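Here's structure_28.cif, which has mmCIF, C-alpha atoms:
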```cif
data_entry
loop_
_atom_site.label_atom_id
_atom_site.label_comp_id
_atom_site.auth_asym_id
_atom_site.auth_seq_id
_atom_site.Cartn_x
_atom_site.Cartn_y
_atom_site.Cartn_z
CA MET A 1 -65.17 28.88 -30.77
CA GLU A 2 -61.52 28.85 -29.75
CA ALA A 3 -59.14 26.74 -31.85
CA ASN A 4 -58.15 24.44 -29.01
CA HIS A 5 -61.85 23.78 -28.23
CA ILE A 6 -62.66 22.35 -31.67
CA THR A 7 -63.33 18.66 -31.11
CA PHE A 8 -64.72 15.78 -33.14
CA GLN A 9 -65.67 12.47 -31.52
CA GLY A 10 -67.40 10.82 -34.48
CA ILE A 11 -70.95 11.11 -33.17
CA ASP A 12 -72.83 11.84 -36.40
CA SER A 13 -72.78 13.68 -39.72
CA ALA A 14 -73.89 16.98 -38.15
CA GLU A 15 -70.88 16.98 -35.82
CA CYS A 16 -68.64 16.09 -38.76
CA GLU A 17 -69.89 19.04 -40.83
CA ARG A 18 -69.54 21.48 -37.90
CA PHE A 19 -65.98 20.27 -37.26
CA ILE A 20 -64.88 20.71 -40.89
CA LYS A 21 -66.43 24.18 -41.08
CA GLU A 22 -64.76 25.28 -37.83
CA ILE A 23 -61.36 24.00 -38.97
CA ARG A 24 -61.71 25.92 -42.22
CA ARG A 25 -62.84 29.06 -40.39
CA VAL A 26 -59.87 29.02 -38.00
CA ALA A 27 -57.43 28.32 -40.83
CA ARG A 28 -58.87 31.16 -42.90
CA ASN A 29 -58.71 33.62 -39.99
CA ALA A 30 -55.09 32.62 -39.34
CA GLY A 31 -54.14 33.05 -43.00
CA LYS A 32 -53.35 29.33 -43.27
CA SER A 33 -56.04 28.17 -45.72
CA ARG A 34 -53.39 26.87 -48.14
CA ASP A 35 -51.07 25.38 -45.51
CA ASN A 36 -51.94 21.66 -45.54
CA ASN A 37 -49.61 20.62 -42.69
CA TRP A 38 -50.85 23.42 -40.43
CA ILE A 39 -54.48 22.47 -41.03
CA ILE A 40 -53.81 18.75 -40.51
CA ASP A 41 -52.13 19.43 -37.17
CA LEU A 42 -55.01 21.68 -36.12
CA ALA A 43 -57.64 19.14 -37.15
CA THR A 44 -55.99 16.09 -35.58
CA SER A 45 -55.42 17.94 -32.31
CA GLY A 46 -59.21 17.98 -31.93
CA ILE A 47 -60.05 14.44 -33.04
CA THR A 48 -60.86 12.23 -30.04
CA GLY A 49 -62.58 9.01 -29.02
CA PRO A 50 -63.93 6.72 -31.76
CA ALA A 51 -63.01 9.26 -34.43
CA TRP A 52 -59.34 9.14 -33.36
CA ARG A 53 -59.28 5.34 -33.50
CA TRP A 54 -60.68 5.59 -37.04
CA TYR A 55 -58.19 8.30 -38.02
CA VAL A 56 -55.00 6.51 -36.92
CA GLN A 57 -55.91 3.53 -39.10
CA LEU A 58 -56.20 5.63 -42.26
CA ASP A 59 -53.69 5.37 -45.07
CA PRO A 60 -51.10 8.15 -44.53
CA ASP A 61 -51.91 9.44 -48.02
CA ILE A 62 -55.38 10.34 -46.70
CA ALA A 63 -54.49 11.10 -43.07
CA GLU A 64 -51.94 13.76 -44.04
CA ASP A 65 -53.90 15.43 -46.87
CA TRP A 66 -56.63 17.81 -45.67
CA GLY A 67 -58.58 17.66 -48.93
CA LYS A 68 -58.70 13.87 -48.91
CA LEU A 69 -59.35 13.72 -45.16
CA GLN A 70 -62.45 15.91 -45.49
CA GLY A 71 -63.90 13.57 -48.08
CA ALA A 72 -63.06 10.48 -46.02
CA MET A 73 -64.71 11.96 -42.93
CA ILE A 74 -67.88 12.90 -44.77
CA ASP A 75 -68.06 9.46 -46.40
CA ARG A 76 -67.55 7.77 -43.03
CA TRP A 77 -70.16 9.81 -41.12
CA GLU A 78 -72.69 10.33 -43.88
CA GLU A 79 -76.19 10.13 -42.43
CA ARG A 80 -78.26 7.42 -44.10
CA GLY A 81 -81.81 7.91 -42.80
CA PRO A 82 -84.68 5.91 -44.34
CA ASP A 83 -86.25 8.94 -46.06
CA ASP A 84 -83.46 11.39 -46.80
CA THR A 85 -80.52 9.26 -47.91
CA VAL A 86 -80.39 10.79 -51.37
CA ASN A 87 -80.90 14.37 -50.17
CA LYS A 88 -78.29 14.03 -47.44
CA SER A 89 -75.80 12.56 -49.90
CA ARG A 90 -76.34 15.50 -52.20
CA GLU A 91 -75.93 17.96 -49.31
CA LEU A 92 -72.67 16.36 -48.24
CA ALA A 93 -71.37 16.26 -51.80
CA GLY A 94 -72.20 19.95 -52.08
CA LEU A 95 -70.30 20.62 -48.85
CA ILE A 96 -67.18 18.94 -50.26
CA SER A 97 -67.45 21.07 -53.39
CA THR A 98 -67.90 24.24 -51.34
CA LEU A 99 -65.01 23.43 -49.02
CA ALA A 100 -62.72 22.61 -51.93
CA SER A 101 -63.39 25.99 -53.59
CA PRO A 102 -63.46 28.83 -51.04
CA PRO A 103 -65.22 31.98 -52.32
CA PRO A 104 -62.95 34.71 -53.73
CA LEU A 105 -62.22 37.71 -51.57
CA ALA A 106 -64.19 40.86 -52.37
CA PRO A 107 -62.11 43.72 -53.86
CA PRO A 108 -61.13 46.45 -51.38
CA ARG A 109 -63.43 49.46 -51.25
CA THR A 110 -61.93 52.76 -52.29
CA ASP A 111 -64.57 55.15 -50.92
CA ASN A 112 -63.90 56.93 -47.67
CA ILE A 113 -66.02 54.96 -45.22
CA PRO A 114 -64.95 54.98 -41.57
CA ALA A 115 -64.03 51.58 -40.22
CA PRO A 116 -66.48 50.14 -37.68
CA ALA A 117 -65.37 49.84 -34.10
CA PRO A 118 -63.84 46.42 -33.37
CA ALA A 119 -66.06 43.96 -31.55
CA PRO A 120 -65.03 43.26 -27.96
CA ALA A 121 -62.87 40.18 -27.57
CA PRO A 122 -64.58 37.17 -25.95
CA ALA A 123 -63.59 36.44 -22.39
CA PRO A 124 -60.95 33.67 -22.18
CA ALA A 125 -61.78 30.34 -20.60
CA PRO A 126 -60.84 30.31 -16.92
CA VAL A 127 -57.48 28.52 -16.71
CA PRO A 128 -55.75 29.29 -13.37
CA ASN A 129 -52.39 31.02 -13.40
CA THR A 130 -52.04 30.91 -17.18
CA ILE A 131 -48.76 32.53 -18.22
CA VAL A 132 -48.28 34.69 -21.30
CA SER A 133 -49.08 33.04 -24.62
CA MET A 134 -46.22 31.63 -26.65
CA GLY A 135 -45.64 31.05 -30.33
CA ALA A 136 -46.54 27.68 -31.73
CA LEU A 137 -43.75 25.35 -32.72
CA SER A 138 -42.86 24.93 -36.37
CA LEU A 139 -42.75 21.48 -37.94
CA ASN A 140 -39.27 19.89 -37.97
CA GLU A 141 -37.82 22.82 -36.01
CA THR A 142 -36.13 21.69 -32.80
CA GLY A 143 -37.12 23.60 -29.68
CA THR A 144 -35.89 23.51 -26.09
CA GLY A 145 -38.19 24.12 -23.16
CA ILE A 146 -40.07 22.76 -20.16
CA ILE A 147 -43.34 20.89 -19.70
CA ARG A 148 -46.17 22.73 -18.01
CA VAL A 149 -48.93 20.77 -16.28
CA GLU A 150 -52.36 22.41 -16.44
CA CYS A 151 -55.05 21.26 -14.03
CA ARG A 152 -58.26 23.21 -13.67
CA GLY A 153 -58.62 24.59 -10.15
CA SER A 154 -54.90 24.19 -9.33
CA ASP A 155 -51.82 26.38 -9.51
CA THR A 156 -49.53 26.04 -12.50
CA MET A 157 -47.28 22.99 -12.18
CA TYR A 158 -44.29 21.61 -14.09
CA ILE A 159 -42.58 18.27 -14.63
CA PRO A 160 -39.56 18.54 -12.29
CA SER A 161 -35.91 17.76 -13.01
CA SER A 162 -35.93 15.14 -10.23
CA LEU A 163 -37.41 11.68 -9.75
CA THR A 164 -39.43 10.50 -6.74
CA HIS A 165 -39.26 6.95 -5.39
CA ILE A 166 -42.85 5.70 -5.12
CA TYR A 167 -43.98 2.09 -4.72
CA GLY A 168 -40.66 0.65 -5.88
CA SER A 169 -40.14 2.85 -8.94
CA LYS A 170 -38.54 6.22 -9.58
CA VAL A 171 -41.05 8.37 -11.46
CA PHE A 172 -41.77 11.98 -12.30
CA THR A 173 -44.25 13.86 -10.12
CA THR A 174 -44.95 17.62 -10.33
CA CYS A 175 -43.50 20.82 -8.89
CA ASN A 176 -44.65 24.44 -8.67
CA ALA A 177 -41.27 26.12 -9.16
CA ARG A 178 -40.52 26.86 -12.80
CA SER A 179 -36.80 27.02 -11.99
CA GLN A 180 -36.91 23.32 -10.96
CA ALA A 181 -38.54 22.14 -14.19
CA LEU A 182 -37.18 19.39 -16.43
CA LEU A 183 -35.53 20.74 -19.57
CA VAL A 184 -36.45 18.86 -22.76
CA GLN A 185 -35.81 19.06 -26.49
CA ILE A 186 -38.61 18.53 -29.02
CA THR A 187 -38.73 18.44 -32.83
CA PRO A 188 -42.43 18.58 -33.81
CA LYS A 189 -43.60 16.37 -36.65
CA CYS A 190 -47.03 15.54 -37.98
CA VAL A 191 -49.23 14.56 -35.00
CA HIS A 192 -49.87 11.27 -36.81
CA GLN A 193 -46.20 10.31 -36.27
CA PRO A 194 -45.24 9.62 -32.61
CA GLN A 195 -41.78 10.82 -31.63
CA GLU A 196 -39.30 10.87 -28.76
CA ILE A 197 -38.66 13.70 -26.28
CA ARG A 198 -35.01 14.12 -25.31
CA ILE A 199 -34.12 15.19 -21.75
CA GLN A 200 -31.49 17.92 -21.41
CA ASN A 201 -30.99 17.92 -17.62
CA SER A 202 -31.69 14.29 -16.78
CA PRO A 203 -31.87 13.38 -13.08
CA ASP A 204 -30.04 10.14 -13.95
CA HIS A 205 -28.04 8.86 -16.92
CA ARG A 206 -31.06 8.22 -19.16
CA SER A 207 -31.74 10.50 -22.11
CA PHE A 208 -35.44 10.21 -23.02
CA LEU A 209 -38.84 10.80 -21.52
CA GLY A 210 -40.75 7.53 -21.51
CA ILE A 211 -43.94 5.83 -20.38
CA ALA A 212 -43.70 2.65 -18.33
CA GLN A 213 -46.59 0.27 -17.77
CA GLU A 214 -46.05 -1.85 -14.68
CA GLY A 215 -49.21 -3.98 -14.51
CA ARG A 216 -50.05 -7.11 -16.45
CA GLU A 217 -53.30 -5.82 -17.96
CA ARG A 218 -53.35 -4.21 -21.36
CA LEU A 219 -54.14 -0.54 -21.71
CA GLY A 220 -57.25 -0.21 -23.84
CA ALA A 221 -61.02 0.23 -23.81
CA GLY A 222 -62.44 -0.37 -20.33
CA SER A 223 -59.00 -1.02 -18.80
CA SER A 224 -58.10 0.29 -15.33
CA GLU A 225 -54.38 -0.20 -16.03
CA GLN A 226 -51.92 2.69 -15.68
CA ALA A 227 -48.59 3.84 -17.07
CA LEU A 228 -46.10 6.24 -15.45
CA LEU A 229 -43.82 9.03 -16.63
CA VAL A 230 -40.16 7.95 -16.35
CA THR A 231 -36.66 8.46 -17.70
CA ALA A 232 -35.68 5.88 -20.30
CA ASP A 233 -32.99 4.53 -22.58
CA TRP A 234 -34.84 1.57 -24.06
CA PRO A 235 -35.01 -1.13 -22.76
CA ASP A 236 -33.86 0.44 -19.46
CA SER A 237 -35.90 2.92 -17.38
CA SER A 238 -36.17 4.45 -13.92
CA ALA A 239 -39.20 2.21 -13.30
CA GLY A 240 -37.55 -1.01 -12.18
CA ARG A 241 -40.73 -3.06 -12.57
CA ALA A 242 -41.77 -1.89 -16.02
CA ALA A 243 -43.57 -4.58 -18.00
CA VAL A 244 -43.86 -2.39 -21.10
CA LEU A 245 -41.68 0.63 -21.89
CA ARG A 246 -42.19 3.11 -24.72
CA THR A 247 -40.29 6.27 -25.68
CA ALA A 248 -41.51 7.05 -29.21
CA VAL A 249 -45.06 7.75 -28.04
CA TRP A 250 -45.30 11.53 -27.99
CA SER A 251 -47.50 13.62 -30.27
CA ILE A 252 -46.90 17.37 -30.06
CA CYS A 253 -49.45 19.68 -31.64
CA PRO A 254 -47.60 22.60 -33.28
CA PHE A 255 -50.76 24.71 -33.01
CA ASP A 256 -50.95 24.92 -29.20
CA ASN A 257 -47.91 22.85 -28.06
CA THR A 258 -50.07 20.26 -26.30
CA ILE A 259 -48.23 17.00 -25.62
CA ARG A 260 -50.23 13.78 -25.90
CA ALA A 261 -49.27 10.11 -25.62
CA LEU A 262 -50.15 7.60 -28.33
CA TRP A 263 -50.23 3.95 -27.30
CA GLN A 264 -50.24 0.92 -29.57
CA ALA A 265 -51.81 -2.37 -28.54
CA ASP A 266 -53.55 -5.25 -30.30
CA GLY A 267 -52.92 -3.75 -33.71
CA SER A 268 -54.55 -0.40 -32.92
CA GLU A 269 -53.36 2.99 -31.72
CA PHE A 270 -55.17 5.26 -29.28
CA LEU A 271 -54.64 8.32 -27.13
CA LEU A 272 -53.81 7.92 -23.46
CA GLN A 273 -55.35 10.41 -21.05
CA SER A 274 -53.20 12.05 -18.37
CA VAL A 275 -54.40 12.42 -14.78
CA LEU A 276 -52.77 13.62 -11.58
CA SER A 277 -52.76 11.58 -8.37
CA THR A 278 -53.67 13.94 -5.53
CA ALA A 279 -52.05 11.51 -3.08
CA THR A 280 -48.62 11.04 -4.69
CA LYS A 281 -48.53 13.95 -7.22
CA ARG A 282 -47.62 11.46 -9.97
CA ILE A 283 -48.56 12.02 -13.58
CA ILE A 284 -50.44 8.88 -14.61
CA PHE A 285 -51.47 7.83 -18.10
CA VAL A 286 -54.65 5.78 -18.50
CA SER A 287 -56.80 4.63 -21.40
CA ASN A 288 -60.10 4.93 -19.53
CA VAL A 289 -60.40 7.61 -16.83
CA GLY A 290 -63.73 6.35 -15.52
CA ALA A 291 -62.56 2.75 -15.12
CA TYR A 292 -59.31 3.87 -13.49
CA ARG A 293 -61.10 6.10 -10.96
CA GLU A 294 -63.55 3.32 -10.14
CA ALA A 295 -60.68 0.92 -9.40
CA ASN A 296 -58.67 3.48 -7.38
CA ARG A 297 -60.99 5.29 -5.01
CA LYS A 298 -58.47 6.19 -2.29
CA ALA A 299 -57.39 9.36 -4.09
CA GLU A 300 -58.75 11.81 -6.61
CA TYR A 301 -57.46 11.81 -10.18
CA PRO A 302 -58.26 15.07 -11.99
CA GLU A 303 -57.43 15.20 -15.68
CA VAL A 304 -54.43 17.33 -16.64
CA LYS A 305 -52.95 18.68 -19.84
CA LEU A 306 -49.21 18.65 -20.65
CA VAL A 307 -47.98 21.67 -22.61
CA PHE A 308 -44.54 22.35 -24.04
CA GLU A 309 -43.33 25.81 -22.99
CA ALA A 310 -40.41 26.97 -25.11
CA THR A 311 -37.48 28.60 -23.34
CA SER A 312 -35.22 29.10 -26.38
#
```

Once more with this new file: its structure as structure tokens, please.
Amino acid sequence: MEANHITFQGIDSAECERFIKEIRRVARNAGKSRDNNWIIDLATSGITGPAWRWYVQLDPDIAEDWGKLQGAMIDRWEERGPDDTVNKSRELAGLISTLASPPPLAPPRTDNIPAPAPAPAPAPAPVPNTIVSMGALSLNETGTGIIRVECRGSDTMYIPSSLTHIYGSKVFTTCNARSQALLVQITPKCVHQPQEIRIQNSPDHRSFLGIAQEGRERLGAGSSEQALLVTADWPDSSAGRAAVLRTAVWSICPFDNTIRALWQADGSEFLLQSVLSTATKRIIFVSNVGAYREANRKAEYPEVKLVFEATS
């Protein structure tokens, strides 16, 4: 299983155990078993849905400590069947003990045994026009780069360094030319802490990348509301009709440089999903893709992923 395919939605205890084991396996293979911040960023990049809503409400002392987070997850998703409650509790307690104490490495062999041939590498997932891989960002290390837009079945796109006037607001769309991409500056922090993205070649006088919600509905479960990608210097933005404007909403995963938007409403925090309007080429942020598509049937809205691509 590839690192960026490890996900946990909070379905049941079996999914919880698989997720923890996969996180530990990837960390061990990367030589990061003792790097708490690295593991936390890897784990939280895969937490979605109900599990994410549970995670963002945790005390930071638990949310940012991998040892404590494992225990909290197992406690939360412990299976309590009518017949095997005690046995399952013991199994889960044993898992915590095992995970907390990884087995020691075997001593190197000194006899002259030829090394086995390496196993063939698994075929990569089909992502169109994927460019060469890049190093992950380091926490608290400022990086400059552009934002790549990945959409399955489409050519590689970028957030451009220009705004487009659509329906009364100036918003970011997409472009195919890398040379026309918006230049931004990012300083990754823990994914649990939303941050701002500073624009280096702003198309207007505003300095930050923001999200503007124009409608009166609240983004949230079941909502068909949308928010748009804009330039911003709070409380001003390129979206003249913005009802709600946020700039400190970005979560950047240092493991794979994925950029996600965190939205706060009604005392809770949740991930927004990004889609692309095939009619206007706008990047649109929604809280419920299904509800949004149902309410807007005149165009298609494939899901997209925003990725920071370092240039220096």

- Note on the structure: From CA of Ile147 in chain A to CA of Val289 in chain A the spacing works out at 21.8 Å

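Taking CA of Arg18 in chain A and CA of Pro50 in chain A as the two end points, the separation is 16.9 Å.
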
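When CA of Leu42 in chain A is paired with CA of Tyr55 in chain A, their separation reads 13.9 Å.
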
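Note on the selection: in this file the PyMOL selection byres ((chain A and resi 206) around 7) comes out as Ser202, Asp204, His205, Ser207, Phe208, Thr231, Ala232 and Asp233 of chain A.
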
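If all atoms listed in the file are the atoms counted, then among A:Ile23, A:Ala51, A:Ala261, A:Leu228 the closest residue to Gly10 in chain A is A:Ala51.
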
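Those residues returned by the PyMOL selection byres ((chain A and resi 175-181) around 6) for this file are Met157, Tyr158, Ile159, Pro160, Ser161, Thr174 and Leu182 of chain A.
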
Return as JSON the box centre and box size in Å, one decimal, for an axis-aligned box around all listed atoms of range 279-282 of chain A padded by 6 Å per side.
```
{"center_x": -49.8, "center_y": 12.5, "center_z": -6.5, "size_x": 16.4, "size_y": 14.9, "size_z": 18.9}
```

I need every residue sitting at most 8 Å from the point (-33.2, 13.7, -7.3) (coordinates as in the file, all atoms listed in the file considered), written as a PDB file with C-alpha atoms, in the frame of the given file.
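The resulting file, part_14.pdb, is reproduced below:
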```
ATOM      1  CA  SER A 161     -35.910  17.760 -13.010  1.00  0.00           C
ATOM      2  CA  SER A 162     -35.930  15.140 -10.230  1.00  0.00           C
ATOM      3  CA  LEU A 163     -37.410  11.680  -9.750  1.00  0.00           C
ATOM      4  CA  THR A 164     -39.430  10.500  -6.740  1.00  0.00           C
ATOM      5  CA  PRO A 203     -31.870  13.380 -13.080  1.00  0.00           C
TER       6      PRO A 203
END
```

- Mind checking which residues fall within 12 Å of Leu245 in chain A, counting all atoms listed in the file, ignoring those fewer than 6 positions away in the same chain, and posting them as number ranges by chain? A: 208-215, 227-239, 263-264

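Remark: for Ile20 in chain A, the closest of the candidate residues A:Pro302, A:Gly222, A:Gly46, A:Gly145 is A:Gly46 (distances computed over only C-alpha atoms).
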
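Between Pro188 in chain A and the candidates A:Glu269, A:Asp256, A:Glu217, A:Asp155, the tightest atom-to-atom separation, counting only C-alpha atoms, involves A:Asp256.
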
- Task: Find the residues near Gln195 in chain A: any atom within 7 Å, counting all atoms listed in the file, skip ones fewer than 6 places away on the same chain, and give them as a VMD selection string.
- Result: chain A and resid 248 to 251

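Among A:Gln200, A:Thr247, A:Asn296, A:Ser268, the residue with the shortest atom-to-atom distance to Gln226 in chain A, counting only C-alpha atoms, is A:Asn296.
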
- Message: Using the chain letters and numbers from this file, what does the PyMOL selection byres ((chain A and resi 36-40) around 8) select? Give the answer as an MDAnalysis selection string.
- Response: chainID A and resid 23 27 32:35 41:44 64:66 190 254:255
